[in-house]
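Trainee: Attaching a single structure in structure tokens format; questions to follow.
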Amino acid sequence: MKKEQSEDVAAVEQLSKDYADAWAKGDPEILLSCYADDAVVIMSHEDPIVGKEALRELYEHVFASQRSEEEGEGMASMADAMGINPEDYTWKTEGDGVKPEVSGDLGYLWSTYANIAMPKPGVDANPIGDSGVSLLIVKRQQDGAWKVALMMATRGEDPVAASQEGEPAE
């Protein structure tokens, strides 16, 4: 692999880490910094969301409660957005990453994911889960930075199906 391409792959891997960290923290501004201004997000059974300002509205809603790390950060914020009490659940995220591919000014990476909320003992509720596959198409910007140009996510039926044998990825 040429040095320039290996540097691009490393930059896309860092973008992927920053993107995951932003989700974990529940911080819409950090998450938005990972996107190009004209980014598109396509989710299963939803209309496309086009542009950073439309994404801002979405992520501000999703992360409205701005929970602290001790309170579960992004997962608890999403629980609040769903209308459930995050204190009633324990949260676990599983998945696997795939090494990104880069060619010229475009690249991609995909991964499986499963978010699982298990009711705490004594809580009369069912487990809640979301799983699927996400695909990020990344593009080198004019300033040389790599940003998410397109994010697509499909959702599955079984919240554990996105991870191998139900074991968290390391």
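In the structure tokens, chains take letters A, B, ... by order of appearance, with residues numbered from 1 within each chain and ligands from 1 in the order shown.
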To test your reading of the structure, identify every residue in region 3-167 of chain A that backbone DSSP assigns to alpha helix (DSSP H), and report it as a PDB file with N, CA and C atoms, in the first residue's frame.

Mentor:
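Generated file (selection-v1.pdb):
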ATOM      1  N   LYS A   3       2.217   4.970   0.719  1.00  0.00           N
ATOM      2  CA  LYS A   3       2.216   5.740   1.962  1.00  0.00           C
ATOM      3  C   LYS A   3       1.003   6.660   2.036  1.00  0.00           C
ATOM      4  N   GLU A   4       0.697   7.351   0.931  1.00  0.00           N
ATOM      5  CA  GLU A   4      -0.439   8.274   0.922  1.00  0.00           C
ATOM      6  C   GLU A   4      -1.746   7.533   1.209  1.00  0.00           C
ATOM      7  N   GLN A   5      -1.914   6.359   0.596  1.00  0.00           N
ATOM      8  CA  GLN A   5      -3.142   5.606   0.821  1.00  0.00           C
ATOM      9  C   GLN A   5      -3.209   5.111   2.267  1.00  0.00           C
ATOM     10  N   SER A   6      -2.097   4.667   2.839  1.00  0.00           N
ATOM     11  CA  SER A   6      -2.127   4.205   4.223  1.00  0.00           C
ATOM     12  C   SER A   6      -2.444   5.360   5.169  1.00  0.00           C
ATOM     13  N   GLU A   7      -1.996   6.580   4.841  1.00  0.00           N
ATOM     14  CA  GLU A   7      -2.348   7.753   5.642  1.00  0.00           C
ATOM     15  C   GLU A   7      -3.846   8.051   5.528  1.00  0.00           C
ATOM     16  N   ASP A   8      -4.401   7.881   4.327  1.00  0.00           N
ATOM     17  CA  ASP A   8      -5.835   8.100   4.135  1.00  0.00           C
ATOM     18  C   ASP A   8      -6.644   7.067   4.925  1.00  0.00           C
ATOM     19  N   VAL A   9      -6.226   5.810   4.879  1.00  0.00           N
ATOM     20  CA  VAL A   9      -6.916   4.760   5.632  1.00  0.00           C
ATOM     21  C   VAL A   9      -6.867   5.085   7.123  1.00  0.00           C
ATOM     22  N   ALA A  10      -5.707   5.516   7.614  1.00  0.00           N
ATOM     23  CA  ALA A  10      -5.584   5.876   9.034  1.00  0.00           C
ATOM     24  C   ALA A  10      -6.511   7.045   9.373  1.00  0.00           C
ATOM     25  N   ALA A  11      -6.625   8.024   8.476  1.00  0.00           N
ATOM     26  CA  ALA A  11      -7.508   9.172   8.717  1.00  0.00           C
ATOM     27  C   ALA A  11      -8.970   8.733   8.744  1.00  0.00           C
ATOM     28  N   VAL A  12      -9.357   7.816   7.872  1.00  0.00           N
ATOM     29  CA  VAL A  12     -10.736   7.312   7.856  1.00  0.00           C
ATOM     30  C   VAL A  12     -10.997   6.470   9.105  1.00  0.00           C
ATOM     31  N   GLU A  13     -10.028   5.680   9.533  1.00  0.00           N
ATOM     32  CA  GLU A  13     -10.183   4.923  10.784  1.00  0.00           C
ATOM     33  C   GLU A  13     -10.379   5.868  11.962  1.00  0.00           C
ATOM     34  N   GLN A  14      -9.642   6.982  11.990  1.00  0.00           N
ATOM     35  CA  GLN A  14      -9.799   7.961  13.068  1.00  0.00           C
ATOM     36  C   GLN A  14     -11.182   8.604  13.009  1.00  0.00           C
ATOM     37  N   LEU A  15     -11.645   8.918  11.811  1.00  0.00           N
ATOM     38  CA  LEU A  15     -12.993   9.467  11.659  1.00  0.00           C
ATOM     39  C   LEU A  15     -14.022   8.493  12.222  1.00  0.00           C
ATOM     40  N   SER A  16     -13.840   7.209  11.931  1.00  0.00           N
ATOM     41  CA  SER A  16     -14.750   6.180  12.443  1.00  0.00           C
ATOM     42  C   SER A  16     -14.753   6.168  13.973  1.00  0.00           C
ATOM     43  N   LYS A  17     -13.588   6.274  14.585  1.00  0.00           N
ATOM     44  CA  LYS A  17     -13.495   6.308  16.052  1.00  0.00           C
ATOM     45  C   LYS A  17     -14.165   7.564  16.606  1.00  0.00           C
ATOM     46  N   ASP A  18     -13.918   8.699  15.975  1.00  0.00           N
ATOM     47  CA  ASP A  18     -14.529   9.953  16.422  1.00  0.00           C
ATOM     48  C   ASP A  18     -16.051   9.873  16.323  1.00  0.00           C
ATOM     49  N   TYR A  19     -16.535   9.270  15.256  1.00  0.00           N
ATOM     50  CA  TYR A  19     -17.969   9.111  15.027  1.00  0.00           C
ATOM     51  C   TYR A  19     -18.587   8.241  16.131  1.00  0.00           C
ATOM     52  N   ALA A  20     -17.947   7.112  16.423  1.00  0.00           N
ATOM     53  CA  ALA A  20     -18.449   6.221  17.480  1.00  0.00           C
ATOM     54  C   ALA A  20     -18.389   6.906  18.845  1.00  0.00           C
ATOM     55  N   ASP A  21     -17.310   7.628  19.114  1.00  0.00           N
ATOM     56  CA  ASP A  21     -17.196   8.342  20.392  1.00  0.00           C
ATOM     57  C   ASP A  21     -18.286   9.397  20.543  1.00  0.00           C
ATOM     58  N   ALA A  22     -18.591  10.099  19.459  1.00  0.00           N
ATOM     59  CA  ALA A  22     -19.641  11.122  19.509  1.00  0.00           C
ATOM     60  C   ALA A  22     -20.986  10.498  19.844  1.00  0.00           C
ATOM     61  N   TRP A  23     -21.283   9.333  19.256  1.00  0.00           N
ATOM     62  CA  TRP A  23     -22.526   8.628  19.582  1.00  0.00           C
ATOM     63  C   TRP A  23     -22.541   8.214  21.047  1.00  0.00           C
ATOM     64  N   ALA A  24     -21.432   7.680  21.513  1.00  0.00           N
ATOM     65  CA  ALA A  24     -21.359   7.224  22.898  1.00  0.00           C
ATOM     66  C   ALA A  24     -21.554   8.381  23.878  1.00  0.00           C
ATOM     67  N   LYS A  25     -21.029   9.544  23.534  1.00  0.00           N
ATOM     68  CA  LYS A  25     -21.146  10.701  24.413  1.00  0.00           C
ATOM     69  C   LYS A  25     -22.500  11.384  24.300  1.00  0.00           C
ATOM     70  N   PRO A  28     -24.400  16.046  19.985  1.00  0.00           N
ATOM     71  CA  PRO A  28     -24.729  16.284  18.573  1.00  0.00           C
ATOM     72  C   PRO A  28     -23.685  17.123  17.848  1.00  0.00           C
ATOM     73  N   GLU A  29     -23.038  18.064  18.522  1.00  0.00           N
ATOM     74  CA  GLU A  29     -22.056  18.907  17.838  1.00  0.00           C
ATOM     75  C   GLU A  29     -20.819  18.108  17.430  1.00  0.00           C
ATOM     76  N   ILE A  30     -20.363  17.221  18.312  1.00  0.00           N
ATOM     77  CA  ILE A  30     -19.211  16.382  17.950  1.00  0.00           C
ATOM     78  C   ILE A  30     -19.601  15.454  16.800  1.00  0.00           C
ATOM     79  N   LEU A  31     -20.799  14.884  16.872  1.00  0.00           N
ATOM     80  CA  LEU A  31     -21.254  14.004  15.799  1.00  0.00           C
ATOM     81  C   LEU A  31     -21.357  14.762  14.483  1.00  0.00           C
ATOM     82  N   LEU A  32     -21.923  15.957  14.507  1.00  0.00           N
ATOM     83  CA  LEU A  32     -22.062  16.746  13.288  1.00  0.00           C
ATOM     84  C   LEU A  32     -20.711  17.124  12.689  1.00  0.00           C
ATOM     85  N   LYS A  52     -26.369  19.144   6.723  1.00  0.00           N
ATOM     86  CA  LYS A  52     -25.958  19.178   8.122  1.00  0.00           C
ATOM     87  C   LYS A  52     -26.996  19.841   9.018  1.00  0.00           C
ATOM     88  N   GLU A  53     -27.690  20.859   8.527  1.00  0.00           N
ATOM     89  CA  GLU A  53     -28.692  21.522   9.378  1.00  0.00           C
ATOM     90  C   GLU A  53     -29.869  20.604   9.681  1.00  0.00           C
ATOM     91  N   ALA A  54     -30.289  19.799   8.710  1.00  0.00           N
ATOM     92  CA  ALA A  54     -31.351  18.817   8.963  1.00  0.00           C
ATOM     93  C   ALA A  54     -30.859  17.748   9.938  1.00  0.00           C
ATOM     94  N   LEU A  55     -29.606  17.358   9.803  1.00  0.00           N
ATOM     95  CA  LEU A  55     -29.028  16.389  10.733  1.00  0.00           C
ATOM     96  C   LEU A  55     -28.919  16.982  12.136  1.00  0.00           C
ATOM     97  N   ARG A  56     -28.615  18.264  12.234  1.00  0.00           N
ATOM     98  CA  ARG A  56     -28.538  18.938  13.534  1.00  0.00           C
ATOM     99  C   ARG A  56     -29.878  18.806  14.269  1.00  0.00           C
ATOM    100  N   GLU A  57     -30.955  19.082  13.562  1.00  0.00           N
ATOM    101  CA  GLU A  57     -32.287  18.977  14.168  1.00  0.00           C
ATOM    102  C   GLU A  57     -32.544  17.550  14.667  1.00  0.00           C
ATOM    103  N   LEU A  58     -32.199  16.557  13.862  1.00  0.00           N
ATOM    104  CA  LEU A  58     -32.384  15.162  14.245  1.00  0.00           C
ATOM    105  C   LEU A  58     -31.570  14.825  15.488  1.00  0.00           C
ATOM    106  N   TYR A  59     -30.262  15.102  15.455  1.00  0.00           N
ATOM    107  CA  TYR A  59     -29.392  14.690  16.554  1.00  0.00           C
ATOM    108  C   TYR A  59     -29.639  15.503  17.821  1.00  0.00           C
ATOM    109  N   GLU A  60     -30.038  16.755  17.695  1.00  0.00           N
ATOM    110  CA  GLU A  60     -30.394  17.513  18.893  1.00  0.00           C
ATOM    111  C   GLU A  60     -31.614  16.889  19.565  1.00  0.00           C
ATOM    112  N   HIS A  61     -32.547  16.395  18.765  1.00  0.00           N
ATOM    113  CA  HIS A  61     -33.716  15.710  19.335  1.00  0.00           C
ATOM    114  C   HIS A  61     -33.300  14.396  19.987  1.00  0.00           C
ATOM    115  N   VAL A  62     -32.502  13.608  19.288  1.00  0.00           N
ATOM    116  CA  VAL A  62     -32.090  12.302  19.804  1.00  0.00           C
ATOM    117  C   VAL A  62     -31.320  12.451  21.109  1.00  0.00           C
ATOM    118  N   GLU A  73     -24.730   8.607  29.091  1.00  0.00           N
ATOM    119  CA  GLU A  73     -24.468   9.451  27.938  1.00  0.00           C
ATOM    120  C   GLU A  73     -25.450   9.233  26.802  1.00  0.00           C
ATOM    121  N   GLY A  74     -24.947   8.914  25.611  1.00  0.00           N
ATOM    122  CA  GLY A  74     -25.778   8.847  24.407  1.00  0.00           C
ATOM    123  C   GLY A  74     -26.904   7.840  24.492  1.00  0.00           C
ATOM    124  N   MET A  75     -26.654   6.672  25.077  1.00  0.00           N
ATOM    125  CA  MET A  75     -27.706   5.657  25.164  1.00  0.00           C
ATOM    126  C   MET A  75     -28.857   6.151  26.035  1.00  0.00           C
ATOM    127  N   ALA A  76     -28.552   6.789  27.155  1.00  0.00           N
ATOM    128  CA  ALA A  76     -29.603   7.310  28.022  1.00  0.00           C
ATOM    129  C   ALA A  76     -30.344   8.455  27.341  1.00  0.00           C
ATOM    130  N   SER A  77     -29.619   9.270  26.584  1.00  0.00           N
ATOM    131  CA  SER A  77     -30.268  10.351  25.848  1.00  0.00           C
ATOM    132  C   SER A  77     -31.254   9.788  24.828  1.00  0.00           C
ATOM    133  N   MET A  78     -30.862   8.712  24.152  1.00  0.00           N
ATOM    134  CA  MET A  78     -31.773   8.088  23.190  1.00  0.00           C
ATOM    135  C   MET A  78     -32.987   7.495  23.908  1.00  0.00           C
ATOM    136  N   ALA A  79     -32.773   6.925  25.098  1.00  0.00           N
ATOM    137  CA  ALA A  79     -33.894   6.376  25.874  1.00  0.00           C
ATOM    138  C   ALA A  79     -34.891   7.478  26.191  1.00  0.00           C
ATOM    139  N   ASP A  80     -34.387   8.620  26.628  1.00  0.00           N
ATOM    140  CA  ASP A  80     -35.277   9.748  26.907  1.00  0.00           C
ATOM    141  C   ASP A  80     -36.066  10.129  25.659  1.00  0.00           C
ATOM    142  N   ALA A  81     -35.395  10.163  24.503  1.00  0.00           N
ATOM    143  CA  ALA A  81     -36.065  10.511  23.249  1.00  0.00           C
ATOM    144  C   ALA A  81     -37.146   9.493  22.900  1.00  0.00           C
ATOM    145  N   MET A  82     -36.948   8.218  23.307  1.00  0.00           N
ATOM    146  CA  MET A  82     -37.933   7.161  23.043  1.00  0.00           C
ATOM    147  C   MET A  82     -39.050   7.152  24.080  1.00  0.00           C
TER     148      MET A  82
END

Trainee: Report as a list in words all protein, DNA and RNA residues lying within 10 Å of Met43 (chain A), evaluated on only C-alpha atoms, omitting residues in the same chain fewer than 2 positions from it.

Mentor: Val41, His45, Glu46, Asp47, Pro48, Ile49, Ser134, Met151, Met152, Ala153, Thr154 and Arg155 of chain A

Trainee: Keeping only N, CA and C atoms, take the residues you just selected and write them out as a PDB file, in the first residue's frame.

Mentor:
ATOM      1  N   VAL A  41     -28.236  11.116   5.189  1.00  0.00           N
ATOM      2  CA  VAL A  41     -28.438   9.965   6.070  1.00  0.00           C
ATOM      3  C   VAL A  41     -29.694   9.248   5.601  1.00  0.00           C
ATOM      4  N   HIS A  45     -36.780   2.476   6.248  1.00  0.00           N
ATOM      5  CA  HIS A  45     -38.175   2.903   6.327  1.00  0.00           C
ATOM      6  C   HIS A  45     -38.340   4.384   6.659  1.00  0.00           C
ATOM      7  N   GLU A  46     -37.341   5.203   6.340  1.00  0.00           N
ATOM      8  CA  GLU A  46     -37.386   6.641   6.605  1.00  0.00           C
ATOM      9  C   GLU A  46     -37.015   7.397   5.342  1.00  0.00           C
ATOM     10  N   ASP A  47     -37.484   8.636   5.239  1.00  0.00           N
ATOM     11  CA  ASP A  47     -37.055   9.495   4.142  1.00  0.00           C
ATOM     12  C   ASP A  47     -35.610   9.914   4.373  1.00  0.00           C
ATOM     13  N   PRO A  48     -34.854  10.153   3.297  1.00  0.00           N
ATOM     14  CA  PRO A  48     -33.479  10.628   3.470  1.00  0.00           C
ATOM     15  C   PRO A  48     -33.445  11.971   4.205  1.00  0.00           C
ATOM     16  N   ILE A  49     -32.419  12.167   4.993  1.00  0.00           N
ATOM     17  CA  ILE A  49     -32.177  13.440   5.670  1.00  0.00           C
ATOM     18  C   ILE A  49     -30.967  14.046   4.973  1.00  0.00           C
ATOM     19  N   SER A 134     -24.573  -0.705   9.327  1.00  0.00           N
ATOM     20  CA  SER A 134     -24.404   0.681   8.881  1.00  0.00           C
ATOM     21  C   SER A 134     -23.270   0.752   7.865  1.00  0.00           C
ATOM     22  N   MET A 151     -24.474   8.206   5.068  1.00  0.00           N
ATOM     23  CA  MET A 151     -24.602   7.159   6.076  1.00  0.00           C
ATOM     24  C   MET A 151     -25.908   6.436   5.801  1.00  0.00           C
ATOM     25  N   MET A 152     -25.806   5.127   5.679  1.00  0.00           N
ATOM     26  CA  MET A 152     -27.000   4.300   5.497  1.00  0.00           C
ATOM     27  C   MET A 152     -27.023   3.272   6.615  1.00  0.00           C
ATOM     28  N   ALA A 153     -28.201   3.043   7.165  1.00  0.00           N
ATOM     29  CA  ALA A 153     -28.336   2.033   8.211  1.00  0.00           C
ATOM     30  C   ALA A 153     -29.595   1.225   7.959  1.00  0.00           C
ATOM     31  N   THR A 154     -29.456  -0.077   8.081  1.00  0.00           N
ATOM     32  CA  THR A 154     -30.607  -0.958   8.005  1.00  0.00           C
ATOM     33  C   THR A 154     -30.832  -1.529   9.387  1.00  0.00           C
ATOM     34  N   ARG A 155     -32.062  -1.778   9.716  1.00  0.00           N
ATOM     35  CA  ARG A 155     -32.383  -2.322  11.024  1.00  0.00           C
ATOM     36  C   ARG A 155     -32.817  -3.765  10.874  1.00  0.00           C
TER      37      ARG A 155
END

Trainee: To one decimal place, how far is CA of Ala36 (chain A) from CA of Glu94 (chain A) in Å?

Mentor: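 Atom-to-atom, CA of Ala36 (chain A) to CA of Glu94 (chain A), that is 26.5 Å.
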
Trainee: Taking the chain letters and numbering used in this document, name the residues of region 109-154 of chain A that DSSP puts in strand (DSSP E), as a ChimeraX atom specification.

Mentor: /A:109-119,128-140,146-154

Trainee: Restricting the output to N, CA and C atoms, write the selected residues as an mmCIF file, in the first residue's frame.

Mentor:
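Result written to selection_4.cif:
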data_model
loop_
_atom_site.group_PDB
_atom_site.id
_atom_site.type_symbol
_atom_site.label_atom_id
_atom_site.label_comp_id
_atom_site.auth_asym_id
_atom_site.auth_seq_id
_atom_site.Cartn_x
_atom_site.Cartn_y
_atom_site.Cartn_z
ATOM 1 N N LEU A 109 -16.676 2.374 4.922
ATOM 2 C CA LEU A 109 -16.532 1.382 5.969
ATOM 3 C C LEU A 109 -17.928 0.964 6.383
ATOM 4 N N TRP A 110 -18.031 -0.277 6.807
ATOM 5 C CA TRP A 110 -19.338 -0.772 7.239
ATOM 6 C C TRP A 110 -19.138 -1.580 8.499
ATOM 7 N N SER A 111 -20.212 -1.697 9.246
ATOM 8 C CA SER A 111 -20.149 -2.481 10.477
ATOM 9 C C SER A 111 -21.546 -2.945 10.856
ATOM 10 N N THR A 112 -21.581 -3.973 11.662
ATOM 11 C CA THR A 112 -22.839 -4.397 12.266
ATOM 12 C C THR A 112 -22.931 -3.760 13.637
ATOM 13 N N TYR A 113 -24.145 -3.629 14.127
ATOM 14 C CA TYR A 113 -24.326 -3.064 15.453
ATOM 15 C C TYR A 113 -25.538 -3.690 16.129
ATOM 16 N N ALA A 114 -25.523 -3.667 17.432
ATOM 17 C CA ALA A 114 -26.684 -4.062 18.238
ATOM 18 C C ALA A 114 -26.649 -3.230 19.511
ATOM 19 N N ASN A 115 -27.709 -2.490 19.737
ATOM 20 C CA ASN A 115 -27.895 -1.748 20.982
ATOM 21 C C ASN A 115 -28.963 -2.486 21.772
ATOM 22 N N ILE A 116 -28.634 -2.871 22.986
ATOM 23 C CA ILE A 116 -29.553 -3.672 23.780
ATOM 24 C C ILE A 116 -29.747 -3.005 25.135
ATOM 25 N N ALA A 117 -31.006 -2.815 25.523
ATOM 26 C CA ALA A 117 -31.352 -2.272 26.838
ATOM 27 C C ALA A 117 -32.092 -3.371 27.599
ATOM 28 N N MET A 118 -31.463 -3.853 28.662
ATOM 29 C CA MET A 118 -32.063 -4.910 29.485
ATOM 30 C C MET A 118 -32.673 -4.286 30.733
ATOM 31 N N PRO A 119 -33.939 -4.633 31.045
ATOM 32 C CA PRO A 119 -34.539 -4.098 32.270
ATOM 33 C C PRO A 119 -33.756 -4.555 33.498
ATOM 34 N N ILE A 128 -35.247 -3.981 25.126
ATOM 35 C CA ILE A 128 -35.415 -3.142 23.939
ATOM 36 C C ILE A 128 -34.124 -3.252 23.152
ATOM 37 N N GLY A 129 -34.249 -3.428 21.857
ATOM 38 C CA GLY A 129 -33.035 -3.539 21.066
ATOM 39 C C GLY A 129 -33.200 -2.967 19.684
ATOM 40 N N ASP A 130 -32.091 -2.621 19.125
ATOM 41 C CA ASP A 130 -32.008 -2.134 17.760
ATOM 42 C C ASP A 130 -30.735 -2.728 17.182
ATOM 43 N N SER A 131 -30.824 -3.302 16.022
ATOM 44 C CA SER A 131 -29.634 -3.869 15.409
ATOM 45 C C SER A 131 -29.700 -3.692 13.909
ATOM 46 N N GLY A 132 -28.568 -3.851 13.292
ATOM 47 C CA GLY A 132 -28.539 -3.751 11.846
ATOM 48 C C GLY A 132 -27.128 -3.608 11.330
ATOM 49 N N VAL A 133 -27.054 -3.007 10.163
ATOM 50 C CA VAL A 133 -25.783 -2.783 9.483
ATOM 51 C C VAL A 133 -25.723 -1.315 9.095
ATOM 52 N N SER A 134 -24.573 -0.705 9.327
ATOM 53 C CA SER A 134 -24.404 0.681 8.881
ATOM 54 C C SER A 134 -23.270 0.752 7.865
ATOM 55 N N LEU A 135 -23.442 1.648 6.922
ATOM 56 C CA LEU A 135 -22.456 1.885 5.872
ATOM 57 C C LEU A 135 -22.168 3.377 5.850
ATOM 58 N N LEU A 136 -20.906 3.737 5.973
ATOM 59 C CA LEU A 136 -20.486 5.128 5.867
ATOM 60 C C LEU A 136 -19.671 5.279 4.592
ATOM 61 N N ILE A 137 -20.115 6.177 3.732
ATOM 62 C CA ILE A 137 -19.336 6.577 2.572
ATOM 63 C C ILE A 137 -18.653 7.875 2.984
ATOM 64 N N VAL A 138 -17.338 7.898 2.903
ATOM 65 C CA VAL A 138 -16.588 9.077 3.328
ATOM 66 C C VAL A 138 -15.933 9.733 2.124
ATOM 67 N N LYS A 139 -15.737 11.040 2.242
ATOM 68 C CA LYS A 139 -15.177 11.795 1.126
ATOM 69 C C LYS A 139 -14.167 12.798 1.658
ATOM 70 N N ARG A 140 -13.040 12.898 0.958
ATOM 71 C CA ARG A 140 -12.040 13.903 1.308
ATOM 72 C C ARG A 140 -12.613 15.283 0.950
ATOM 73 N N TRP A 146 -11.309 14.143 6.067
ATOM 74 C CA TRP A 146 -12.276 13.124 5.663
ATOM 75 C C TRP A 146 -13.547 13.320 6.471
ATOM 76 N N LYS A 147 -14.693 13.320 5.786
ATOM 77 C CA LYS A 147 -15.995 13.505 6.440
ATOM 78 C C LYS A 147 -16.982 12.477 5.879
ATOM 79 N N VAL A 148 -18.005 12.195 6.666
ATOM 80 C CA VAL A 148 -19.076 11.304 6.224
ATOM 81 C C VAL A 148 -19.916 12.043 5.198
ATOM 82 N N ALA A 149 -20.014 11.486 3.994
ATOM 83 C CA ALA A 149 -20.838 12.058 2.940
ATOM 84 C C ALA A 149 -22.204 11.383 2.892
ATOM 85 N N LEU A 150 -22.229 10.085 3.213
ATOM 86 C CA LEU A 150 -23.472 9.317 3.179
ATOM 87 C C LEU A 150 -23.426 8.268 4.277
ATOM 88 N N MET A 151 -24.474 8.206 5.068
ATOM 89 C CA MET A 151 -24.602 7.159 6.076
ATOM 90 C C MET A 151 -25.908 6.436 5.801
ATOM 91 N N MET A 152 -25.806 5.127 5.679
ATOM 92 C CA MET A 152 -27.000 4.300 5.497
ATOM 93 C C MET A 152 -27.023 3.272 6.615
ATOM 94 N N ALA A 153 -28.201 3.043 7.165
ATOM 95 C CA ALA A 153 -28.336 2.033 8.211
ATOM 96 C C ALA A 153 -29.595 1.225 7.959
ATOM 97 N N THR A 154 -29.456 -0.077 8.081
ATOM 98 C CA THR A 154 -30.607 -0.958 8.005
ATOM 99 C C THR A 154 -30.832 -1.529 9.387
#

Trainee: Can you measure CA of Val123 (chain A) to CA of Lys92 (chain A) for me? One decimal in Å is fine.

Mentor: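 Atom-to-atom, CA of Val123 (chain A) and CA of Lys92 (chain A) are spaced 17.2 Å apart.
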
Trainee: To one decimal in Å, tell me the separation between CA of Gly51 (chain A) and CA of Gly107 (chain A).

Mentor: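 Taking CA of Gly51 (chain A) and CA of Gly107 (chain A), their separation equals 19.3 Å.
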